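Chemist: Once you've had a glance at the structure underneath, I'll fire off some questions.
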Amino acid sequence: MPTIEIQIDRSEGDAHETASGASFTYTSTTLRCEASTSSTTRYNAGLWYPNVPIPNISGIDSVDEALVSVVFPVAQRDSPDLDWKGEDVDDSDDFATTADVTSRTRTTASVNWSGTNLGGGVFVDSPSLVSIVVEIITRGGWASGNNMALFADGENATPQESGCRFTSFNAVPTEACILTIDYTLPAPPRTFPIVKPAGLPNSNPAYLLGI
Amino acid sequence: MAIFDFEGYGAGATGGEGGTVYTVSTWADMKTRLEQSGARIIRFSGDITATSQANITNDNFTLEVLPGLFGQIITDGTLIDSPIKVACDNFIIRRVASRRDPSSTQNSTGDCINFNGASNGMITQCSFYWGNDECVDVWASSSNLTFQWCVIAEPLADPYATGSTALGFLVGNNSSNVSIHHCLIAHYTTRGPRFVDVDSCEAVCNVMYNISNHPGQSASTATNIDFVKCYKVVGPDDGSSYVLQVDSTDTYYTGNDSTDVGDTEVSGSSQSSEASRQNSPSTPVTEEATAQDAYLVVIANAGTGDITDQRIIQDVVNRTGAIIDQPEDAGGWDDISNDLSFKLTSVETTTDFAVECTNFRVAFYEAGTLVHTHDFFVRYADDSDPWANIRGTINRFIARNPSLVTGSETSSLDDDTATDTDDPFGYLADEGIIAMQGERLNQVS
C-alpha cells in the first residue's frame with residue numbers, strides 16, 4: 001500500500017473565489033472557504049496538485065485513504081462547514097492558467113466537513129475523500145502524472161463560530177495544504193527478468209536498472 | 001542466503017558476540033573500548049572525530065552503528081595514520097563509515113582503515129572515503145577476511161599537489177584468504193582491488209566505477225586469485241580499455257564485463273585464465289547470474305545508505321562525479337545528523353531529495369522487530385528543513401495507522417532540536433516503541 005503525499009508548492013497552486021464568482025485570487029495569504037447564506041460572502045477554495053503519480057483506477061486494486069491536511073491560521077476561523085469536491089476533468093489547470101475556482105466542473109462525489117474550533121497552527125486532516133479521488137481517477141483520461149484539483153466549497157448556511165480559512169502557500173509554504181493518498185497496487189511478480197534486448201548496448205542505464 | 005548474510009572467508013567471524021555492549025559518543029571512549037581486552041560490542045551514531053589511531057590488538061570485537069541510525073568516523077587533519085588499525089583475531093565491522101580528512105602532514109599511511117595481521121574478520125555494509133593512500137589496506141599476513149556490500153570511494157588523488165595517487169583497495173604483503181564481494185569501488189586511478197604478494201583471494205560481483213588506470217589487478221606475485229562477474233562502469237575519467245589487469249599466471253577470471261562494449265575482459269602480461277575457481281571458502285560467496293546483475297544489486301544495496309553513499313551511487317547511475325584531490329572537491333563531509341532514515345533508490349527520477357522523493361521505504365520496528373514497511377512518494381513545498389518534512393509524513397502515517405504502534409507511550413517521532421533522548425533521527429529507543437531504519441528497495445530475490 002504505497003502512500004502519495006503532495007504539498008502545494010507554488011502560488012498558483014491554491015486560490016479562492018466567492019460562490020458568486022467574484023474576488024478570485026491565488027495570491028492571498030489565506031484560503032477562504034467560508035459558509036454563508038449569501039453567495040457574495042460564501043467562498044470556495046481550490047487546491048491544485050500537479051503530477052499526481054497514482055495510476056488510473058484500472059491499474060490499481062483500491063484507494064484505501066485520501067485526505068487533505070490543512071492548517072487553520074492560528075486563532076481564527078478553524079470551524080469548517082464546507083463540502084469537499086474534485087474537479088471532474090482528466091488533467092486540471094493551475095489557478096494562473098485558468099483563473100477560476102467556482103465555475104469549474106465538480107465531481108458528483110462530495111464529502112461534507114463540519115466541525116468547530118479544530119485548532120489553529122497545526123495540520124488537521126479532512127474527512128476521507130476516497131470517493132472523490134476514485135471518481136477522478138476512474139475517468140478514462142486519467143493517467144499517473146496528471147494534475148488533480150480539489151475544492152472546499154463553503155456551505156450555503158450561517159457560518160459556524162468564526163468560519164473557516166486555510167493557510168495558503170503564499171502565507172507559509174510549509175503549512176500549505178497536503179494531499180495524501182494511500183492505495184494498493186496489484187501484487188507484483190516476485191522477481192523481474194533482466195533481459196537484454198538485442199542490439200541494446202551494455203552502457204544503456206535504463207536496461208541496467210531494469211526499467 | 002539472505003542478502004547481508006556473512007559469506008566468504010570471513011563468514012565465521014563472531015566478533016564481540018556475548019560480550020559487553022558499549023554505546024560510545026566520543027573518540028576517546030571508542031578508542032578505549034576498541035583497544036581493551038575481552039569480547040565487546042561497540043556501538044555509536046553520528047559523527048565521531050578521530051584524533052589518534054585506535055590500534056586494536058585484542059581479539060573479539062564488534063564495531064557497529066546503532067540500529068536505524070548512521071555513523072561516521074572522520075579525522076581532524078592532524079592524524080597521519082589510519083584512524084583504525086585492526087591487528088587482532090575475530091571481529092565484525094558493520095555499517096560503519098570512515099571518511100578521512102587529509103592530514104596536514106604529507107604522508108603515505110593515511111588509509112581509512114588498515115588491517116595489519118588481522119584474521120577472521122567480517123566487514124559488511126561499510127563506507128570508506130578519502131584515503132590519502134588507499135581507502136582500504138589489507139597487509140602483513142592478514143587472513144580470512146570478507147569485505148561485502150561496502151562502498152569504497154574517492155581516494156584522494158593529489159591532496160598535497162605532489163603527484164597522483166587515488167588508490168582504492170590494496171591486499172598484499174603475504175595476506176591470504178580474502179573475499180571481496182558485492183562492493184562498489186568508485187572514482188580511483190587504480191587498485192579496485194589490487195592483489196599483490198598474496199594467496200587465495202577472490203573478487204566477486206564488485207562494481208568498479210570511473211577508473212583512470214587499472215580497475216582490478218592481480219600482480220605477478222599473487223597466487224590463486226579469482227575475479228568473477230565484476231562490472232566496470234565507464235565514468236568521466238575512464239582511462240582503460242579493459243576490466244582487469246592480470247599479471248599473475250595463477251588467476252581465474254570469468255564473466256567480468258564493462259559498460260563499454262569495446263573493453264576487453266583482461267589486459268596484462270599474463271592473460272590466460274586458470275581453468276576453474278581457485279577459492280572455495282566454507283561459506284561461498286553468492287554469485288549473481290551476470291556482472292550486469294551484480295551491478296543492479298550492488299547499487300541498490302551497497303554501503304551504509306547514508307547521504308554520502310547515496311551521492312556516489314547517483315554518480316554511478318548518472319555517470320557523473322570525478323576523481324578528486326580533496327574531500328571538499330566533492331562537497332566534503334555531509335552532516336549525517338540531518339540524514340533521513342530512508343534510502344532513495346529511483347535516483348534518476350528524484351530531482352531533489354529534500355523536496356521530492358520517489359520510492360522511499362520506511363521500516364517500522366518495535367522492540368527490534370520489523371513490524372511494517374511502507375513505501376512513500378512525497379513532494380514538499382519547502383526544502384529548508386527536510387527532517388521536519390519527513391517527520392511530518394511519518395507522523396501523519398502513524399496517526400492514520402495507530403495499530404502499527406502497540407506500546408503505551410507516544411507514537412510520534414520527536415523534534416530534532418531537543419535532548420539526546422529525543423535524538424535527531426527520530427529513533428525512539430527512549431520510548432521503547434518504534435524506530436525508523438533505512439530499508440533497501442529493488443532487492444532482487
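Labels for the C-alpha cells follow display order: chains A, B, ..., residues from 1 in each chain, ligands from 1.
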Write out as a tab-separated table a residue-level contact list of chain A versus chain B with cut-off 6 Å: for each qualifying residue the closest pair of atoms and the distance in Å to one decimal, counting only C-alpha atoms, rows sorted by chain and residue number upward.
Modeler:
```
residue	atom	partner	partner_atom	distance
A:Pro2	CA	B:Asp375	CA	4.8
A:Thr3	CA	B:Phe376	CA	4.7
A:Ile4	CA	B:Phe377	CA	4.8
A:Glu5	CA	B:Val378	CA	4.6
A:Ile6	CA	B:Arg379	CA	4.7
A:Gln7	CA	B:Tyr380	CA	5.0
A:Asp9	CA	B:Ala381	CA	4.1
A:Pro173	CA	B:Ala381	CA	5.6
A:Thr174	CA	B:Asp382	CA	6.0
A:Asn202	CA	B:Thr259	CA	4.9
A:Ser203	CA	B:Thr259	CA	4.3
```
Chemist: Go ahead and dump the residues you just picked, N, CA and C atoms, as a short mmCIF file (atom, residue, chain, number, x, y, z; two decimals), in the first residue's frame.
Modeler:
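Done, and the output landed in selection_14.cif:
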```cif
data_model
loop_
_atom_site.label_atom_id
_atom_site.label_comp_id
_atom_site.auth_asym_id
_atom_site.auth_seq_id
_atom_site.Cartn_x
_atom_site.Cartn_y
_atom_site.Cartn_z
N PRO A 2 1.27 1.75 -1.14
CA PRO A 2 2.09 2.98 -1.16
C PRO A 2 1.28 4.20 -0.73
N THR A 3 2.00 5.20 -0.32
CA THR A 3 1.39 6.47 0.05
C THR A 3 1.95 7.59 -0.82
N ILE A 4 1.05 8.44 -1.29
CA ILE A 4 1.45 9.65 -2.00
C ILE A 4 1.16 10.82 -1.08
N GLU A 5 2.15 11.67 -0.90
CA GLU A 5 1.93 12.91 -0.16
C GLU A 5 2.43 14.06 -1.01
N ILE A 6 1.56 14.98 -1.35
CA ILE A 6 1.96 16.12 -2.17
C ILE A 6 1.47 17.39 -1.50
N GLN A 7 2.40 18.30 -1.30
CA GLN A 7 2.06 19.60 -0.72
C GLN A 7 2.00 20.64 -1.82
N ASP A 9 2.95 23.56 -3.79
CA ASP A 9 4.33 24.06 -3.81
C ASP A 9 4.50 25.32 -4.66
N PRO A 173 4.75 28.37 3.23
CA PRO A 173 4.84 27.20 2.34
C PRO A 173 4.80 25.87 3.07
N THR A 174 5.46 25.81 4.22
CA THR A 174 5.50 24.52 4.93
C THR A 174 4.15 24.17 5.55
N ASN A 202 25.50 -2.32 -23.74
CA ASN A 202 25.60 -2.55 -22.31
C ASN A 202 25.53 -1.26 -21.52
N SER A 203 25.93 -0.16 -22.13
CA SER A 203 26.02 1.09 -21.40
C SER A 203 24.68 1.75 -21.20
#
```
Chemist: DSSP on the backbone, then: every residue of stretch 8-153 of chain A marked strand (DSSP E or B), written as a PyMOL selection string.
Modeler: chain A and resi 14-18+25+30-32+43-52+62-72+78+81-87+106+111-114+120+123-125+146-153
Chemist: Just give me the gap between atom CA of A:Glu87 and atom CA of A:Tyr183 in Å, one decimal is fine.
Modeler: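 Atom CA of A:Tyr183 lies 20.0 Å from atom CA of A:Glu87.
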Chemist: Can you pull out the residues contacting B:Pro102? Cut-off 8 Å, using only C-alpha atoms, and skip same-chain residues under 5 positions away; I want them as a VMD selection string.
Modeler: chain B and resid 77 110 130 to 132 159 326
Chemist: Counting only C-alpha atoms, what is within 9 Å of stretch 46-55 of chain B, bar same-chain residues fewer than 4 positions away, as JSON, numbers by chain?
Modeler: {"B": [25, 26, 27, 28, 30, 31, 32, 34, 35, 65, 69, 70, 71, 72, 73, 74, 75, 76, 77, 78, 79, 80, 81, 82, 83, 84, 85, 86, 87, 335, 336, 337]}
Chemist: Could you tell me which of A:Ser168, A:Ser11, A:Ser162, A:Ser28 comes closest to A:Ala96 if we count only C-alpha atoms?
Modeler: A:Ser11
